[in-house]
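Listing of my_file-v2.cif, mmCIF, C-alpha atoms
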```cif
data_target
loop_
_atom_site.label_atom_id
_atom_site.label_comp_id
_atom_site.auth_asym_id
_atom_site.auth_seq_id
_atom_site.Cartn_x
_atom_site.Cartn_y
_atom_site.Cartn_z
CA LEU A 628 6.95 2.38 9.76
CA ASP A 629 6.19 3.84 6.34
CA VAL A 630 3.83 1.45 4.53
CA ILE A 631 3.27 2.04 0.83
CA ALA A 632 0.55 0.26 -1.13
CA GLY A 633 1.84 0.10 -4.70
CA HIS A 634 -0.42 -0.63 -7.65
CA VAL A 635 0.38 -0.87 -11.37
CA TYR A 636 -2.57 -0.47 -13.70
CA ALA A 637 -3.08 -0.37 -17.47
CA PRO A 638 -5.17 2.76 -18.23
CA ALA A 639 -6.99 1.13 -21.16
CA ASP A 640 -7.99 -1.90 -19.09
CA VAL A 641 -9.15 0.22 -16.16
CA ARG A 642 -11.12 2.56 -18.40
CA ARG A 643 -12.85 -0.38 -20.10
CA ARG A 644 -13.63 -2.17 -16.84
CA PHE A 645 -14.95 0.91 -15.05
CA SER A 646 -17.03 1.86 -18.09
CA MET A 647 -18.63 -1.59 -18.22
CA GLU A 648 -19.43 -1.30 -14.52
CA GLN A 649 -20.79 2.22 -15.14
CA ARG A 650 -18.38 3.59 -12.55
CA LEU A 651 -16.54 5.93 -14.85
CA ASP A 652 -17.34 8.03 -17.88
CA PRO A 653 -15.03 6.93 -20.76
CA ALA A 654 -14.51 10.57 -21.66
CA LEU A 655 -12.91 11.44 -18.31
CA ASP A 656 -9.20 12.26 -18.26
CA VAL A 657 -6.37 10.31 -16.64
CA GLU A 658 -6.49 12.34 -13.42
CA HIS A 659 -10.12 11.37 -12.77
CA MET A 660 -9.40 7.75 -13.73
CA GLU A 661 -6.48 7.57 -11.28
CA ALA A 662 -8.71 9.01 -8.56
CA ALA A 663 -11.20 6.21 -9.23
CA VAL A 664 -8.40 3.61 -9.02
CA ALA A 665 -7.21 5.15 -5.73
CA SER A 666 -10.73 4.97 -4.32
CA GLU A 667 -10.94 1.29 -5.23
CA MET A 668 -7.55 0.66 -3.62
CA ARG A 669 -8.62 2.26 -0.35
CA GLU A 670 -11.64 -0.05 -0.25
CA LEU A 671 -9.39 -3.08 -0.70
CA LEU A 672 -7.03 -1.85 2.03
CA GLY A 673 -9.79 -1.48 4.60
CA GLY A 674 -8.29 -4.20 6.82
CA ALA A 675 -4.92 -2.43 6.87
CA ALA A 676 -6.34 0.95 7.87
CA LYS A 677 -4.43 1.01 11.18
CA LEU A 678 -1.15 0.95 9.22
CA GLU A 679 -2.25 4.06 7.30
CA PRO A 680 -0.71 2.91 4.01
CA ARG A 681 0.21 5.55 1.47
CA LEU A 682 -0.95 4.85 -2.09
CA ALA A 683 1.56 4.80 -4.95
CA LEU A 684 -0.10 4.32 -8.33
CA SER A 685 1.76 3.72 -11.57
CA ALA A 686 0.29 3.54 -15.05
CA GLY A 687 2.08 1.07 -17.27
CA TRP A 688 2.00 -1.56 -19.98
CA GLY A 689 3.91 -4.80 -20.43
CA ARG A 690 5.49 -6.74 -17.57
CA VAL A 691 4.13 -5.65 -14.21
CA SER A 692 7.36 -6.65 -12.44
CA HIS A 693 9.36 -4.00 -14.33
CA HIS A 694 7.04 -1.24 -13.18
CA LEU A 695 7.05 -2.55 -9.60
CA LEU A 696 10.86 -2.56 -9.60
CA ASP A 697 10.88 1.06 -10.77
CA LEU A 698 8.30 1.95 -8.10
CA THR A 699 10.33 0.19 -5.41
CA GLU A 700 13.46 2.13 -6.32
CA SER A 701 11.70 5.49 -6.57
CA GLU A 702 10.16 4.96 -3.12
CA HIS A 703 13.52 3.79 -1.67
CA ALA A 704 11.75 0.75 -0.20
CA GLU A 705 13.72 -1.50 2.14
CA LEU A 706 11.26 -4.41 1.89
CA LEU A 707 9.01 -5.41 -0.99
CA VAL A 708 6.03 -7.62 -0.04
CA ILE A 709 4.37 -9.41 -2.96
CA GLY A 710 1.70 -12.09 -3.17
CA THR A 711 2.39 -15.29 -5.09
CA HIS A 712 0.01 -17.80 -6.70
CA ARG A 713 2.67 -20.55 -6.61
CA ARG A 714 1.86 -21.55 -10.16
CA THR A 715 3.78 -24.49 -11.59
CA GLY A 716 4.34 -26.25 -14.89
CA LEU A 717 2.53 -25.01 -17.98
CA GLU A 718 0.48 -22.49 -16.04
CA ARG A 719 3.64 -20.69 -14.87
CA LEU A 720 5.08 -20.90 -18.40
CA TRP A 721 1.91 -19.33 -19.82
CA ARG A 722 1.19 -16.71 -17.16
CA GLY A 723 4.72 -16.04 -15.93
CA SER A 724 5.57 -15.14 -12.33
CA VAL A 725 5.78 -11.58 -11.06
CA SER A 726 7.09 -12.70 -7.67
CA LEU A 727 9.98 -14.69 -9.19
CA ASP A 728 10.96 -11.73 -11.39
CA LEU A 729 10.99 -9.44 -8.36
CA ALA A 730 12.94 -11.88 -6.18
CA ALA A 731 15.57 -12.22 -8.91
CA HIS A 732 16.01 -8.53 -9.76
CA ALA A 733 14.96 -6.38 -6.79
CA LYS A 734 17.76 -4.50 -5.03
CA CYS A 735 15.95 -4.72 -1.68
CA ASN A 736 14.63 -7.57 0.44
CA VAL A 737 11.61 -9.39 -1.04
CA LEU A 738 8.95 -11.19 1.01
CA THR A 739 6.57 -13.43 -0.95
CA VAL A 740 3.20 -14.25 0.60
CA PRO A 741 1.26 -17.24 -0.82
CA THR A 742 -2.37 -16.56 -1.61
CA ALA A 743 -4.78 -18.35 0.70
CA THR A 744 -8.52 -18.49 1.19
CA VAL A 745 -9.51 -16.41 4.21
CA GLU A 746 -12.96 -16.30 5.74
CA ALA A 747 -14.76 -13.11 4.80
CA ASP A 748 -15.60 -12.20 8.41
CA ARG A 749 -12.10 -12.97 9.69
CA PRO A 750 -9.67 -10.04 9.51
CA ALA A 751 -6.14 -10.75 8.36
CA GLN A 752 -3.69 -10.95 11.26
CA ALA A 753 0.06 -10.59 11.28
CA ARG A 754 1.78 -13.89 12.05
CA GLU A 755 4.22 -13.94 14.95
CA ILE A 756 7.54 -15.46 13.90
CA ARG A 757 8.96 -17.73 16.62
CA ARG A 758 11.74 -19.64 14.82
CA VAL A 759 14.14 -18.47 12.10
CA LEU A 760 16.82 -20.52 10.33
CA VAL A 761 19.66 -18.55 8.69
CA PRO A 762 22.21 -20.33 6.45
CA CYS A 763 25.59 -18.58 6.91
CA ASP A 764 28.70 -18.67 4.75
CA LEU A 765 30.47 -16.34 7.25
CA SER A 766 30.57 -13.48 4.75
CA GLU A 767 29.42 -9.86 5.25
CA ASN A 768 26.06 -10.83 3.76
CA SER A 769 25.69 -13.45 6.50
CA SER A 770 26.06 -10.74 9.14
CA ARG A 771 23.35 -8.66 7.49
CA ALA A 772 21.05 -11.69 7.15
CA VAL A 773 21.43 -12.60 10.82
CA ALA A 774 20.68 -9.04 11.94
CA TRP A 775 17.57 -9.00 9.74
CA ALA A 776 16.43 -12.36 11.11
CA CYS A 777 16.81 -11.10 14.68
CA SER A 778 14.63 -8.10 13.89
CA LEU A 779 11.85 -10.43 12.68
CA LEU A 780 11.87 -12.67 15.76
CA ALA A 781 9.38 -12.18 18.58
CA ARG A 782 10.83 -11.86 22.08
CA GLY A 783 11.82 -15.31 23.31
CA GLY A 784 11.99 -16.69 19.77
CA THR A 785 14.65 -19.10 18.50
CA LEU A 786 17.41 -18.16 16.06
CA GLN A 787 19.20 -21.05 14.35
CA LEU A 788 22.42 -20.48 12.44
CA LEU A 789 23.51 -23.10 9.91
CA HIS A 790 26.94 -23.43 8.32
CA VAL A 791 27.77 -26.33 6.00
CA ALA A 792 31.42 -27.32 6.38
CA VAL A 793 32.40 -29.50 3.41
CA PRO A 794 35.31 -31.81 4.24
CA TYR A 795 38.24 -30.52 2.23
CA VAL A 796 41.28 -32.64 1.45
CA PRO A 797 44.00 -30.43 -0.07
CA LEU A 798 46.08 -31.72 -2.95
CA ALA A 799 49.87 -31.39 -3.02
CA PRO A 800 51.81 -31.03 -6.31
CA ASP A 801 54.12 -33.92 -7.11
CA PHE A 802 56.10 -33.82 -10.35
CA GLY A 803 53.36 -32.07 -12.32
CA GLY A 804 50.59 -34.22 -10.87
CA TYR A 805 48.57 -34.08 -7.68
CA VAL A 806 48.45 -36.53 -4.80
CA PRO A 807 46.01 -36.27 -1.88
CA LEU A 808 47.39 -35.22 1.49
CA PRO A 809 46.31 -37.10 4.63
CA SER A 810 42.71 -36.47 5.74
CA PRO A 811 42.18 -34.11 8.71
CA THR A 812 42.43 -35.80 12.10
CA ALA A 813 39.57 -35.88 14.61
CA ASP A 814 41.30 -33.15 16.63
CA GLU A 815 41.65 -30.95 13.53
CA LEU A 816 37.96 -31.42 12.68
CA ALA A 817 36.95 -30.56 16.26
CA GLU A 818 39.15 -27.45 16.15
CA GLN A 819 37.54 -26.40 12.86
CA ALA A 820 34.03 -26.92 14.29
CA ALA A 821 34.89 -24.85 17.38
CA LEU A 822 36.25 -22.05 15.19
CA ILE A 823 33.09 -22.05 13.05
CA ARG A 824 30.87 -21.91 16.17
CA THR A 825 32.84 -18.92 17.44
CA LYS A 826 32.45 -17.11 14.11
CA LEU A 827 28.71 -17.89 13.99
CA CYS A 828 28.16 -16.55 17.51
CA ALA A 829 30.03 -13.38 16.56
CA LEU A 830 27.40 -12.72 13.84
CA VAL A 831 24.60 -12.34 16.40
CA PRO A 832 24.08 -8.63 17.27
#
```
Is it possible to express this structure as structure tokens?
Amino acid sequence: LDVIAGHVYAPADVRRRFSMEQRLDPALDVEHMEAAVASEMRELLGGAAKLEPRLALSAGWGRVSHHLLDLTESEHAELLVIGTHRRTGLERLWRGSVSLDLAAHAKCNVLTVPTATVEADRPAQAREIRRVLVPCDLSENSSRAVAWACSLLARGGTLQLLHVAVPYVPLAPDFGGYVPLPSPTADELAEQAALIRTKLCALVP
């Protein structure tokens, strides 16, 4: 598993912050500044040391999500994990949402992790996923989603597939207008349900 810790920073902000903390000489060049940012990142990633994450730093201005999207594509990432503050109302309108931008525009899978208060002496632990619900429209994307869900499940976990079958009453043309045909019988509905179950089972690898 190749884990990449991506970080977008604004050089002017970093230079000002590090200078105020007397951690960096303002006269130092970008290379030294990036080395200082990398050092700070490694300190923050102390709890993930066993994953041996590789650092990917990107200097940028403006919307952070745009730079993260570029970084994701350049690294050919298959999964983008991003924290989310779950802001709502005026706060979201004022601050925006990086996670929503990424979920809407990323070309890879996006996993959003809500921020939560964790005890300082308690290391972060990966959560074991025991139950996964996958809505399926029986398309090719459904097949990919089911395979991905299976890869997330722990051994002995439960996979639930959901398909919403909307009752459909076809309309027959009659002299330029449309009249409803008879509703499906109970046998026809049972046959449709059995066919859907068969197709859903076929999606499971």
Inset, instruction - Please evaluate the PyMOL selection byres ((chain A and resi 791) around 10) against the displayed coordinates and give the resulting residues as a list in words. - result: Pro762, Cys763, Asp764, Leu789, His790, Ala792, Val793, Pro794 and Ile823 of chain A
Would you save the residues of that selection, restricted to C-alpha atoms, as an mmCIF file, in the coordinates of the input?
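Result file is out-v2.cif:
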```
data_model
loop_
_atom_site.group_PDB
_atom_site.id
_atom_site.type_symbol
_atom_site.label_atom_id
_atom_site.label_comp_id
_atom_site.auth_asym_id
_atom_site.auth_seq_id
_atom_site.Cartn_x
_atom_site.Cartn_y
_atom_site.Cartn_z
ATOM 1 C CA PRO A 762 22.210 -20.330 6.450
ATOM 2 C CA CYS A 763 25.590 -18.580 6.910
ATOM 3 C CA ASP A 764 28.700 -18.670 4.750
ATOM 4 C CA LEU A 789 23.510 -23.100 9.910
ATOM 5 C CA HIS A 790 26.940 -23.430 8.320
ATOM 6 C CA ALA A 792 31.420 -27.320 6.380
ATOM 7 C CA VAL A 793 32.400 -29.500 3.410
ATOM 8 C CA PRO A 794 35.310 -31.810 4.240
ATOM 9 C CA ILE A 823 33.090 -22.050 13.050
#
```
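Listed by chain and then by number, the residues chosen by the PyMOL selection byres ((chain A and resi 709) around 7) in this file are Leu707, Val708, Gly710, Thr711, Ser726, Leu738, Thr739 and Val740 of chain A.
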Give the padded box for stretch 726-744 of chain A as lines of an AutoDock Vina configuration file: axis-aligned, covering all atoms listed in the file, 3 Å on each side, centre and edge lengths in Å to one decimal.
```
center_x = 4.6
center_y = -11.5
center_z = -5.1
size_x = 32.3
size_y = 20.0
size_z = 18.6
```
Legend entry - Residues in the PyMOL selection byres ((chain A and resi 694-701) around 9), expressed as a ChimeraX atom specification: /A:633-635,683-693,702-707,729,732-735
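A straight line drawn from atom CA of A:Arg681 to atom CA of A:Asp629 is 7.9 Å long.
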Legend entry - Close residues, A:Gly723 itself excluded, 10 Å, all atoms listed in the file, min 6 positions apart in chain, as a ChimeraX atom specification: /A:690,714-715,717
Inset, instruction - Can you work out the spacing between atom CA of A:Val737 and atom CA of A:Ala774 in Å, to one decimal? - result: 15.8 Å
Legend entry - Atom pair atom CA of A:Asn736 / atom CA of A:Ser769: separation (Å): 13.9 Å
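For A:Ser666, the non-local neighbours within 12 Å, defined as residues at least 5 positions apart in the same chain or in other chains and counting all atoms listed in the file, are Arg650, His659, Met660, Glu661, Leu671, Leu672, Gly673, Leu682 and Leu684 of chain A.
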Show me as a compact mmCIF listing (two decimals) with C-alpha atoms, in the frame of the given file the residues that reach within 12 Å of (29.7, -11.6, 8.8), counting only C-alpha atoms and using the file's own coordinates.
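selection-v4.txt was written with the following content:
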```
# COMPACT_ATOMS: atom_id res chain seq x y z
CA PRO A 762 22.21 -20.33 6.45
CA CYS A 763 25.59 -18.58 6.91
CA ASP A 764 28.70 -18.67 4.75
CA LEU A 765 30.47 -16.34 7.25
CA SER A 766 30.57 -13.48 4.75
CA GLU A 767 29.42 -9.86 5.25
CA ASN A 768 26.06 -10.83 3.76
CA SER A 769 25.69 -13.45 6.50
CA SER A 770 26.06 -10.74 9.14
CA ARG A 771 23.35 -8.66 7.49
CA ALA A 772 21.05 -11.69 7.15
CA VAL A 773 21.43 -12.60 10.82
CA ALA A 774 20.68 -9.04 11.94
CA ILE A 823 33.09 -22.05 13.05
CA THR A 825 32.84 -18.92 17.44
CA LYS A 826 32.45 -17.11 14.11
CA LEU A 827 28.71 -17.89 13.99
CA CYS A 828 28.16 -16.55 17.51
CA ALA A 829 30.03 -13.38 16.56
CA LEU A 830 27.40 -12.72 13.84
CA VAL A 831 24.60 -12.34 16.40
CA PRO A 832 24.08 -8.63 17.27
```
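Distances here use only C-alpha atoms; by that measure, the residue among A:Gly783, A:Thr742, A:Leu678, A:Leu727 closest to A:Ile631 is A:Leu678.
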